[in-house]
>>> print(open('structure.tsv').read())   # TSV, C-alpha atoms and all ligand atoms
chain	number	residue	atom	x	y	z
A	85	MET	CA	40.54	-1.73	12.13
A	86	LEU	CA	37.68	-2.33	14.61
A	87	ALA	CA	38.88	0.56	16.79
A	88	TRP	CA	39.13	2.79	13.73
A	89	LEU	CA	35.57	1.92	12.67
A	90	TRP	CA	34.30	2.54	16.19
A	91	THR	CA	35.94	5.95	16.25
A	92	ARG	CA	34.40	6.85	12.88
A	93	LEU	CA	30.97	5.89	14.23
A	94	SER	CA	31.52	7.80	17.45
A	95	GLU	CA	32.45	10.93	15.52
A	96	GLY	CA	30.08	10.62	12.58
A	97	GLY	CA	27.04	8.88	14.07
A	98	ALA	CA	25.65	5.42	13.42
A	99	GLN	CA	24.71	6.33	9.82
A	100	VAL	CA	28.23	7.39	8.86
A	101	SER	CA	29.29	6.59	5.31
A	102	ILE	CA	32.83	5.29	4.92
A	103	SER	CA	34.62	5.63	1.63
A	104	GLY	CA	36.61	2.95	-0.08
A	105	ARG	CA	39.52	5.38	-0.17
A	106	ALA	CA	39.47	5.64	3.65
A	107	LEU	CA	39.42	1.83	3.92
A	108	GLY	CA	42.44	1.69	1.62
A	109	ARG	CA	44.67	2.01	4.69
A	110	PHE	CA	43.73	-1.54	5.72
A	111	PRO	CA	44.71	-4.80	4.02
A	112	ALA	CA	42.08	-5.83	1.43
A	113	SER	CA	41.70	-9.18	3.19
A	114	ASP	CA	40.62	-7.44	6.43
A	115	VAL	CA	38.02	-5.37	4.58
A	116	GLU	CA	36.82	-8.51	2.82
A	117	ARG	CA	36.46	-10.36	6.14
A	118	LEU	CA	34.28	-7.60	7.62
A	119	LEU	CA	32.17	-7.47	4.46
A	120	ARG	CA	31.55	-11.21	4.65
A	121	ALA	CA	30.61	-10.87	8.33
A	122	GLN	CA	28.25	-8.00	7.37
A	123	VAL	CA	29.90	-5.64	9.79
A	124	LEU	CA	30.60	-3.51	6.73
A	125	ILE	CA	27.79	-3.19	4.23
A	126	GLU	CA	28.48	-1.97	0.74
A	127	GLU	CA	26.20	0.84	-0.36
A	128	ARG	CA	25.64	2.42	-3.77
A	129	LYS	CA	28.83	3.74	-5.33
A	130	ALA	CA	29.39	7.46	-5.15
A	131	ASP	CA	28.86	9.30	-8.43
A	132	THR	CA	30.23	12.64	-7.27
A	133	TRP	CA	33.40	13.77	-5.53
A	134	SER	CA	34.06	16.69	-3.18
A	135	VAL	CA	35.08	19.94	-4.88
A	136	CYS	CA	38.69	21.02	-4.79
A	137	ALA	CA	39.81	23.09	-1.83
A	138	GLU	CA	39.17	26.81	-2.27
A	139	CYS	CA	37.51	26.33	-5.65
A	140	ASP	CA	35.15	29.06	-6.84
A	141	CYS	CA	33.21	26.71	-9.16
A	142	GLY	CA	30.13	27.04	-6.92
A	143	LEU	CA	29.33	23.32	-7.08
A	144	ASP	CA	28.33	21.24	-4.03
A	145	ALA	CA	30.13	18.28	-5.52
A	146	ARG	CA	31.89	17.68	-8.78
A	147	PRO	CA	30.81	15.05	-11.24
A	148	VAL	CA	32.85	11.91	-11.78
A	149	GLU	CA	33.54	10.88	-15.36
A	150	GLN	CA	34.53	7.43	-16.42
A	151	ILE	CA	37.07	7.28	-19.21
A	152	ASP	CA	37.71	3.65	-20.16
A	153	ASP	CA	38.75	2.05	-16.87
A	154	ALA	CA	39.78	5.29	-15.20
A	155	PHE	CA	37.64	7.67	-13.18
A	156	ARG	CA	38.16	11.37	-13.01
A	157	ALA	CA	36.61	13.99	-10.72
A	158	CYS	CA	36.53	17.02	-12.99
A	159	CYS	CA	36.96	20.61	-11.92
A	160	PRO	CA	34.99	22.86	-14.31
A	161	HIS	CA	37.58	25.62	-13.86
A	162	ASP	CA	40.95	24.03	-13.82
A	163	PRO	CA	41.75	20.69	-15.52
A	164	SER	CA	44.99	20.49	-13.56
A	165	ALA	CA	42.86	20.24	-10.40
A	166	ASP	CA	41.12	17.10	-11.69
A	167	VAL	CA	41.57	14.09	-9.46
A	168	THR	CA	42.15	10.64	-10.84
A	169	LEU	CA	40.22	8.09	-8.82
A	170	GLN	CA	40.71	4.41	-8.29
A	171	ARG	CA	37.70	2.17	-8.66
A	172	ASP	CA	37.70	1.51	-4.88
A	173	ASP	CA	37.69	5.23	-4.08
A	174	LEU	CA	34.06	5.43	-5.17
A	175	ARG	CA	32.88	2.53	-3.02
A	176	ARG	CA	30.78	3.50	-0.04
A	177	PHE	CA	30.15	1.48	3.10
A	178	SER	CA	27.90	1.67	6.11
A	179	VAL	CA	28.53	-0.13	9.39
A	180	ASP	CA	26.20	-2.48	11.24
A	181	VAL	CA	26.85	-1.18	14.74
A	182	ASP	CA	25.48	-4.18	16.65
A	183	ARG	CA	27.62	-6.54	14.59
A	184	LEU	CA	30.68	-4.34	15.10
A	185	VAL	CA	30.12	-4.34	18.87
A	186	ALA	CA	29.63	-8.13	18.86
A	187	ARG	CA	32.89	-8.53	16.94
A	188	ILE	CA	34.80	-6.31	19.35
A	189	ALA	CA	33.39	-8.29	22.28
A	190	ALA	CA	34.32	-11.58	20.60
A	191	SER	CA	37.91	-10.40	20.17
A	192	GLY	CA	38.27	-10.24	23.94
A	193	ASP	CA	38.12	-12.90	26.57
A	194	LEU	CA	34.68	-11.89	27.83
A	195	GLY	CA	31.88	-13.97	29.25
A	196	GLY	CA	28.16	-13.31	28.92
A	197	ALA	CA	26.11	-11.96	26.06
A	198	VAL	CA	26.35	-8.70	24.13
A	199	ALA	CA	23.33	-6.44	24.52
A	200	ARG	CA	22.30	-2.91	23.71
A	201	ILE	CA	21.53	-1.28	27.08
A	202	ALA	CA	20.57	2.27	26.17
A	203	ASP	CA	20.88	4.67	23.26
A	204	GLY	CA	24.50	4.37	22.08
A	205	ILE	CA	25.51	2.10	24.98
A	206	TRP	CA	26.21	-1.63	24.77
A	207	LEU	CA	27.11	-4.29	27.29
A	208	LEU	CA	30.04	-6.33	25.95
A	209	GLY	CA	30.27	-8.93	28.71
A	210	ASP	CA	32.26	-9.68	31.83
A	211	THR	CA	36.00	-9.94	32.29
A	212	THR	CA	37.50	-12.92	34.08
A	213	SER	CA	38.06	-10.61	37.06
A	214	GLY	CA	34.32	-9.97	37.25
A	215	HIS	CA	34.04	-6.47	35.76
A	216	ALA	CA	31.19	-5.60	33.47
A	217	VAL	CA	32.48	-4.01	30.27
A	218	VAL	CA	30.28	-1.53	28.46
A	219	MET	CA	30.93	0.47	25.32
A	220	SER	CA	29.55	3.89	24.51
A	221	PHE	CA	29.69	6.13	21.45
A	222	ASP	CA	30.30	9.01	23.72
A	223	ALA	CA	31.59	9.49	27.27
A	224	ASP	CA	28.81	12.01	27.93
A	225	ASN	CA	26.18	9.35	27.14
A	226	LEU	CA	27.36	7.43	30.16
A	227	VAL	CA	26.70	10.21	32.64
A	228	ALA	CA	23.41	11.28	31.05
A	229	PRO	CA	20.42	10.99	33.42
A	230	GLY	CA	19.24	7.41	33.59
A	231	ALA	CA	22.31	5.93	31.89
A	232	VAL	CA	23.99	4.67	35.06
A	233	MET	CA	20.64	3.28	36.19
A	234	ALA	CA	20.18	1.46	32.88
A	235	ILE	CA	23.70	0.04	33.08
A	236	ARG	CA	23.19	-1.06	36.67
A	237	ALA	CA	19.90	-2.72	35.76
A	238	ALA	CA	21.75	-4.69	33.07
A	239	VAL	CA	24.93	-5.64	34.95
A	240	GLY	CA	23.81	-5.90	38.56
A	241	PRO	CA	26.31	-5.30	41.34
A	242	LYS	CA	29.51	-5.64	39.29
A	243	PRO	CA	32.16	-2.97	38.96
A	244	ILE	CA	31.77	-1.19	35.63
A	245	MET	CA	34.37	-0.40	33.01
A	246	ALA	CA	33.43	1.67	29.98
A	247	ILE	CA	35.21	1.86	26.63
A	248	VAL	CA	34.90	5.13	24.71
A	249	HIS	CA	36.85	6.59	21.79
A	250	ASP	CA	37.81	9.88	23.39
A	251	LEU	CA	38.53	10.99	26.94
A	252	SER	CA	40.39	14.18	26.11
A	253	ALA	CA	37.68	16.68	27.13
A	254	ALA	CA	38.50	18.27	30.46
A	255	GLY	CA	36.94	16.50	33.42
A	256	THR	CA	35.40	13.64	31.42
A	257	ALA	CA	37.36	10.85	33.09
A	258	ILE	CA	36.81	12.41	36.51
A	259	ARG	CA	33.06	12.68	36.00
A	260	LEU	CA	32.89	9.05	34.94
A	261	ARG	CA	34.86	7.92	37.97
A	262	GLU	CA	32.58	9.99	40.21
A	263	SER	CA	29.67	8.04	38.76
A	264	GLY	CA	31.53	4.83	39.58
A	265	ILE	CA	32.56	4.01	36.01
A	266	GLU	CA	36.17	3.30	35.15
A	267	PRO	CA	36.82	4.67	31.65
A	268	ARG	CA	39.15	3.26	29.00
A	269	ARG	CA	40.10	4.67	25.62
A	270	ILE	CA	39.42	2.21	22.85
A	271	ALA	CA	42.92	2.81	21.46
A	272	ASP	CA	44.32	1.56	24.79
A	273	VAL	CA	42.33	-1.66	25.01
A	274	LEU	CA	41.77	-2.73	21.40
A	275	ARG	CA	45.08	-3.50	19.76
A	276	THR	CA	46.05	-4.95	16.45
A	277	ALA	CA	48.21	-8.07	16.63
A	278	PRO	CA	51.04	-8.60	14.12
A	279	ASP	CA	48.77	-10.96	12.15
A	280	GLY	CA	46.32	-8.07	11.64
A	281	ALA	CA	43.69	-9.42	14.03
A	282	ASP	CA	42.21	-7.02	16.58
A	283	ARG	CA	42.29	-8.10	20.20
A	284	LEU	CA	40.38	-6.56	23.07
A	285	VAL	CA	42.59	-6.71	26.17
A	286	VAL	CA	40.96	-5.16	29.21
A	287	ASP	CA	42.49	-7.02	32.11
A	288	SER	CA	46.13	-6.15	31.55
A	289	SER	CA	45.74	-2.60	32.82
A	290	PRO	CA	45.03	-1.96	36.48
A	291	LEU	CA	41.38	-1.35	37.26
A	292	GLN	CA	40.05	0.68	40.12
A	293	ALA	CA	36.46	0.39	39.02
A	294	THR	CA	33.96	1.08	41.73
A	295	ALA	CA	32.18	-1.86	43.26
A	296	PRO	CA	28.75	-1.11	44.66
A	297	ARG	CA	28.83	-0.28	48.33
A	298	LEU	CA	25.15	-0.31	49.12
A	299	VAL	CA	22.82	-3.11	48.00
A	300	LEU	CA	19.14	-2.76	48.86
A	301	ASN	CA	16.85	-5.70	48.32
A	302	LEU	CA	13.28	-4.46	48.28
A	303	SER	CA	11.43	-7.78	48.54
A	304	ALA	CA	13.61	-8.89	51.46
A	305	GLN	CA	13.66	-5.35	52.92
A	306	SER	CA	17.38	-5.81	53.47
A	307	ALA	CA	20.27	-3.37	53.19
A	308	MET	CA	23.94	-4.35	52.89
A	309	LEU	CA	26.65	-1.69	53.21
A	310	ASP	CA	30.22	-2.69	52.31
A	311	GLY	CA	29.24	-6.31	52.84
A	312	SER	CA	27.65	-5.82	56.26
A	313	ARG	CA	23.96	-6.07	56.90
A	314	LEU	CA	22.24	-2.95	58.24
A	315	ASP	CA	19.52	-3.68	60.74
A	316	LEU	CA	16.84	-1.10	59.97
A	317	PRO	CA	13.28	-0.96	61.34
A	318	MET	CA	10.66	-0.88	58.61
A	319	GLN	CA	10.08	2.87	58.71
A	320	MET	CA	13.84	3.56	58.64
A	321	PHE	CA	14.25	1.20	55.72
A	322	ALA	CA	11.50	3.09	53.88
A	323	LEU	CA	13.36	6.38	54.30
A	324	PHE	CA	16.71	4.81	53.42
A	325	ARG	CA	15.14	3.39	50.26
A	326	LEU	CA	13.78	6.82	49.27
A	327	MET	CA	17.27	8.26	49.70
A	328	ALA	CA	18.86	5.45	47.67
A	329	GLU	CA	16.32	5.85	44.87
A	330	GLN	CA	16.96	9.60	44.83
A	331	ALA	CA	20.75	9.07	44.85
A	332	ILE	CA	20.71	7.63	41.33
A	333	LYS	CA	18.64	10.46	39.90
A	334	ARG	CA	19.89	13.69	38.35
A	335	ASP	CA	19.27	15.64	41.58
A	336	PRO	CA	20.31	13.33	44.41
A	337	VAL	CA	18.78	15.51	47.15
A	338	LEU	CA	15.66	14.08	48.78
A	339	LYS	CA	13.57	17.11	49.71
A	340	LYS	CA	12.25	17.62	53.23
A	341	GLN	CA	8.68	18.01	51.96
A	342	GLU	CA	8.97	14.71	50.09
A	343	ILE	CA	10.12	12.94	53.25
A	344	GLU	CA	7.23	14.42	55.20
A	345	THR	CA	4.70	13.47	52.53
A	346	GLN	CA	6.03	9.93	52.25
A	347	THR	CA	6.55	9.16	55.94
A	348	GLY	CA	4.08	11.49	57.68
A	349	ARG	CA	6.80	12.64	60.10
A	350	PRO	CA	8.95	15.78	60.35
A	351	ALA	CA	12.04	15.24	58.17
A	352	ASN	CA	14.61	16.15	60.82
A	353	GLU	CA	13.08	13.72	63.32
A	354	ILE	CA	12.94	10.72	61.05
A	355	ALA	CA	16.42	11.48	59.67
A	356	ARG	CA	17.71	11.53	63.24
A	357	ASP	CA	16.04	8.16	63.89
A	358	LEU	CA	17.59	6.73	60.72
A	359	ARG	CA	21.05	7.87	61.81
A	360	ASN	CA	20.51	6.30	65.25
A	361	ALA	CA	19.46	3.04	63.60
A	362	LEU	CA	22.60	3.12	61.46
A	363	VAL	CA	24.75	3.66	64.55
A	364	SER	CA	22.99	0.71	66.18
A	365	SER	CA	23.92	-1.30	63.07
A	366	GLY	CA	27.61	-0.63	63.74
A	367	LEU	CA	28.39	2.57	61.80
A	368	SER	CA	30.32	5.38	63.45
A	369	GLU	CA	28.70	8.79	64.00
A	370	ALA	CA	30.91	10.26	61.25
A	371	GLN	CA	30.06	7.50	58.77
A	372	THR	CA	26.40	7.96	59.55
A	373	LYS	CA	26.55	11.70	58.99
A	374	SER	CA	28.22	11.32	55.61
A	375	LEU	CA	25.89	8.49	54.55
A	376	VAL	CA	22.76	10.45	55.52
A	377	ALA	CA	24.07	13.90	54.72
A	378	THR	CA	22.16	17.08	55.50
A	379	VAL	CA	21.75	19.47	52.56
A	380	ARG	CA	21.05	22.80	54.21
A	381	ALA	CA	17.59	24.26	53.57
A	382	ARG	CA	16.73	21.47	51.11
A	383	GLY	CA	16.77	18.03	52.62
A	384	TYR	CA	19.03	15.00	52.75
A	385	ARG	CA	21.19	13.06	50.37
A	386	LEU	CA	22.83	9.68	50.41
A	387	GLY	CA	26.62	10.07	50.52
A	388	LEU	CA	27.30	7.55	47.74
A	389	ALA	CA	27.89	7.80	43.97
A	390	PRO	CA	25.12	6.43	41.72
A	391	ALA	CA	27.16	3.41	40.66
A	392	GLU	CA	27.85	2.56	44.29
A	393	VAL	CA	24.15	1.94	44.84
A	394	VAL	CA	22.29	-1.16	43.69
A	395	ILE	CA	18.56	-1.54	44.22
A	396	GLU	CA	17.29	-5.05	43.67
A	397	PRO	CA	13.53	-5.64	43.29
B	401	ZN	ZN	37.66	23.18	-8.73
>>> encode(input="structure.tsv", output="C-alpha cells")
Amino acid sequence: MLAWLWTRLSEGGAQVSISGRALGRFPASDVERLLRAQVLIEERKADTWSVCAECDCGLDARPVEQIDDAFRACCPHDPSADVTLQRDDLRRFSVDVDRLVARIAASGDLGGAVARIADGIWLLGDTTSGHAVVMSFDADNLVAPGAVMAIRAAVGPKPIMAIVHDLSAAGTAIRLRESGIEPRRIADVLRTAPDGADRLVVDSSPLQATAPRLVLNLSAQSAMLDGSRLDLPMQMFALFRLMAEQAIKRDPVLKKQEIETQTGRPANEIARDLRNALVSSGLSEAQTKSLVATVRARGYRLGLAPAEVVIEP
C-alpha cells in the first residue's frame, strides 16, 4: 500500500486527492492504520462524480443524490447510466508526504534520520552495508542541476541508491548511473508481506552504487583519489579544486579564461604543471590525462562523475 501511495504521489503531485473507491483495493484495517498515523488525511467528501464516458450532457461533473442510505451519480440524459455509489466511494484523502516517507523508511532496516534534501527528494537513511538511500518523486529530479550536490552535502562520501516509482523512460537508469546514483524501482524494493505489512528491502539485491573516488578537504588542503593521498603544491591544489567544483555543475568544463583569471597563469601551462604533480603523486600518464582532460578550444574538465566527487569544507 505504501508503494501504491508513493506512485500516486509521483504521478499526481504532492496534492493528489485519493478516492475512497481507489483505497477499496486495500484491507480496511490497513487504511485505518494509515489514517491513525496521519499518513492519510481525510478531506471533505466529494459531492459530485465524474460524468459518464462519452456523455453529451455537457456537465463538468454530475451531481450525487442521496436516496435513503444509497448514493447515486445521476446522468441527466440516461438513467441507465446512473452509478450507484457506496458511502466510501465519496471519501477523499490527501497524503502527508513526509509522514509517508518516514513510514517507508521505518519499514526497512535503515539507520540515521529521515530528512527532506531538496524539492521532491528525501534521505531515508543508511543501509547496513553503508549505502545512503534516497527517495525521489521523479528520476529526472535526481539529475537536475544541483540535485547531486544537495544529496552529496546530505550524505557525505557514501555510495548513493535512489528509489523512484518509474525507470521505464529510455536512458533514465543510465543517466542516473552516470551521475553515480544506483536506481531502484519502488516496486522492486518495497514489498508486501503475507500479513499485509510493507517491508523495504534494499540490501537483498546486488548494488553497484558508485563510491566517491575523489575527496577534497578544503580546510586541510588535502586530496584523496581512490584512497591514496595526492601530494599537490598549493597552486596545483587551487586549480584541482576549481576543476572539482566545476565537475559537479551542469557544465563540467572549466574554461581557459576562468583558469587564467583565477590563477594568473596561462591555462595550458598550469594544467601541464598539475598533470606533472599528479604523476609525481603516483598516477600514470594515462590516468593523469583522463583525470585532467583537455576539452578542445574550451578548457579542461575533471574525468569523474559528479557523485564520484566529494568536497568537504
Ligand atoms: Zn451521462
>>> residues_around(input="structure.tsv", residues="region 306-321 of chain A", least_positions_apart="2", cutoff="8 Å", atoms="all atoms listed in the file", output="number ranges by chain")
A: 296-304, 323-325, 347, 354, 357-358, 361-362, 364-365
>>> write_last_selection(input="structure.tsv", atoms="C-alpha atoms", output="tab-separated table (two decimals), in the frame of the given file")
chain	number	residue	atom	x	y	z
A	296	PRO	CA	28.75	-1.11	44.66
A	297	ARG	CA	28.83	-0.28	48.33
A	298	LEU	CA	25.15	-0.31	49.12
A	299	VAL	CA	22.82	-3.11	48.00
A	300	LEU	CA	19.14	-2.76	48.86
A	301	ASN	CA	16.85	-5.70	48.32
A	302	LEU	CA	13.28	-4.46	48.28
A	303	SER	CA	11.43	-7.78	48.54
A	304	ALA	CA	13.61	-8.89	51.46
A	323	LEU	CA	13.36	6.38	54.30
A	324	PHE	CA	16.71	4.81	53.42
A	325	ARG	CA	15.14	3.39	50.26
A	347	THR	CA	6.55	9.16	55.94
A	354	ILE	CA	12.94	10.72	61.05
A	357	ASP	CA	16.04	8.16	63.89
A	358	LEU	CA	17.59	6.73	60.72
A	361	ALA	CA	19.46	3.04	63.60
A	362	LEU	CA	22.60	3.12	61.46
A	364	SER	CA	22.99	0.71	66.18
A	365	SER	CA	23.92	-1.30	63.07
>>> atom_distance(input="structure.tsv", atom1="CA of Asp166 (chain A)", atom2="CA of Cys141 (chain A)")
12.7 Å
>>> residues_near_ligand(input="structure.tsv", ligand="ligand ZN 401 (chain B)", cutoff="8 Å", atoms="all atoms listed in the file", output="PyMOL selection string")
chain A and resi 135-141+146+158-162+165-166
>>> atom_distance(input="structure.tsv", atom1="CA of Ala223 (chain A)", atom2="CA of Ile258 (chain A)")
11.0 Å
>>> closest_residue(input="structure.tsv", among="A:Ala154, A:Arg171, A:Asp182, A:Val286", to="Leu194 (chain A)", atoms="only C-alpha atoms")
A:Val286
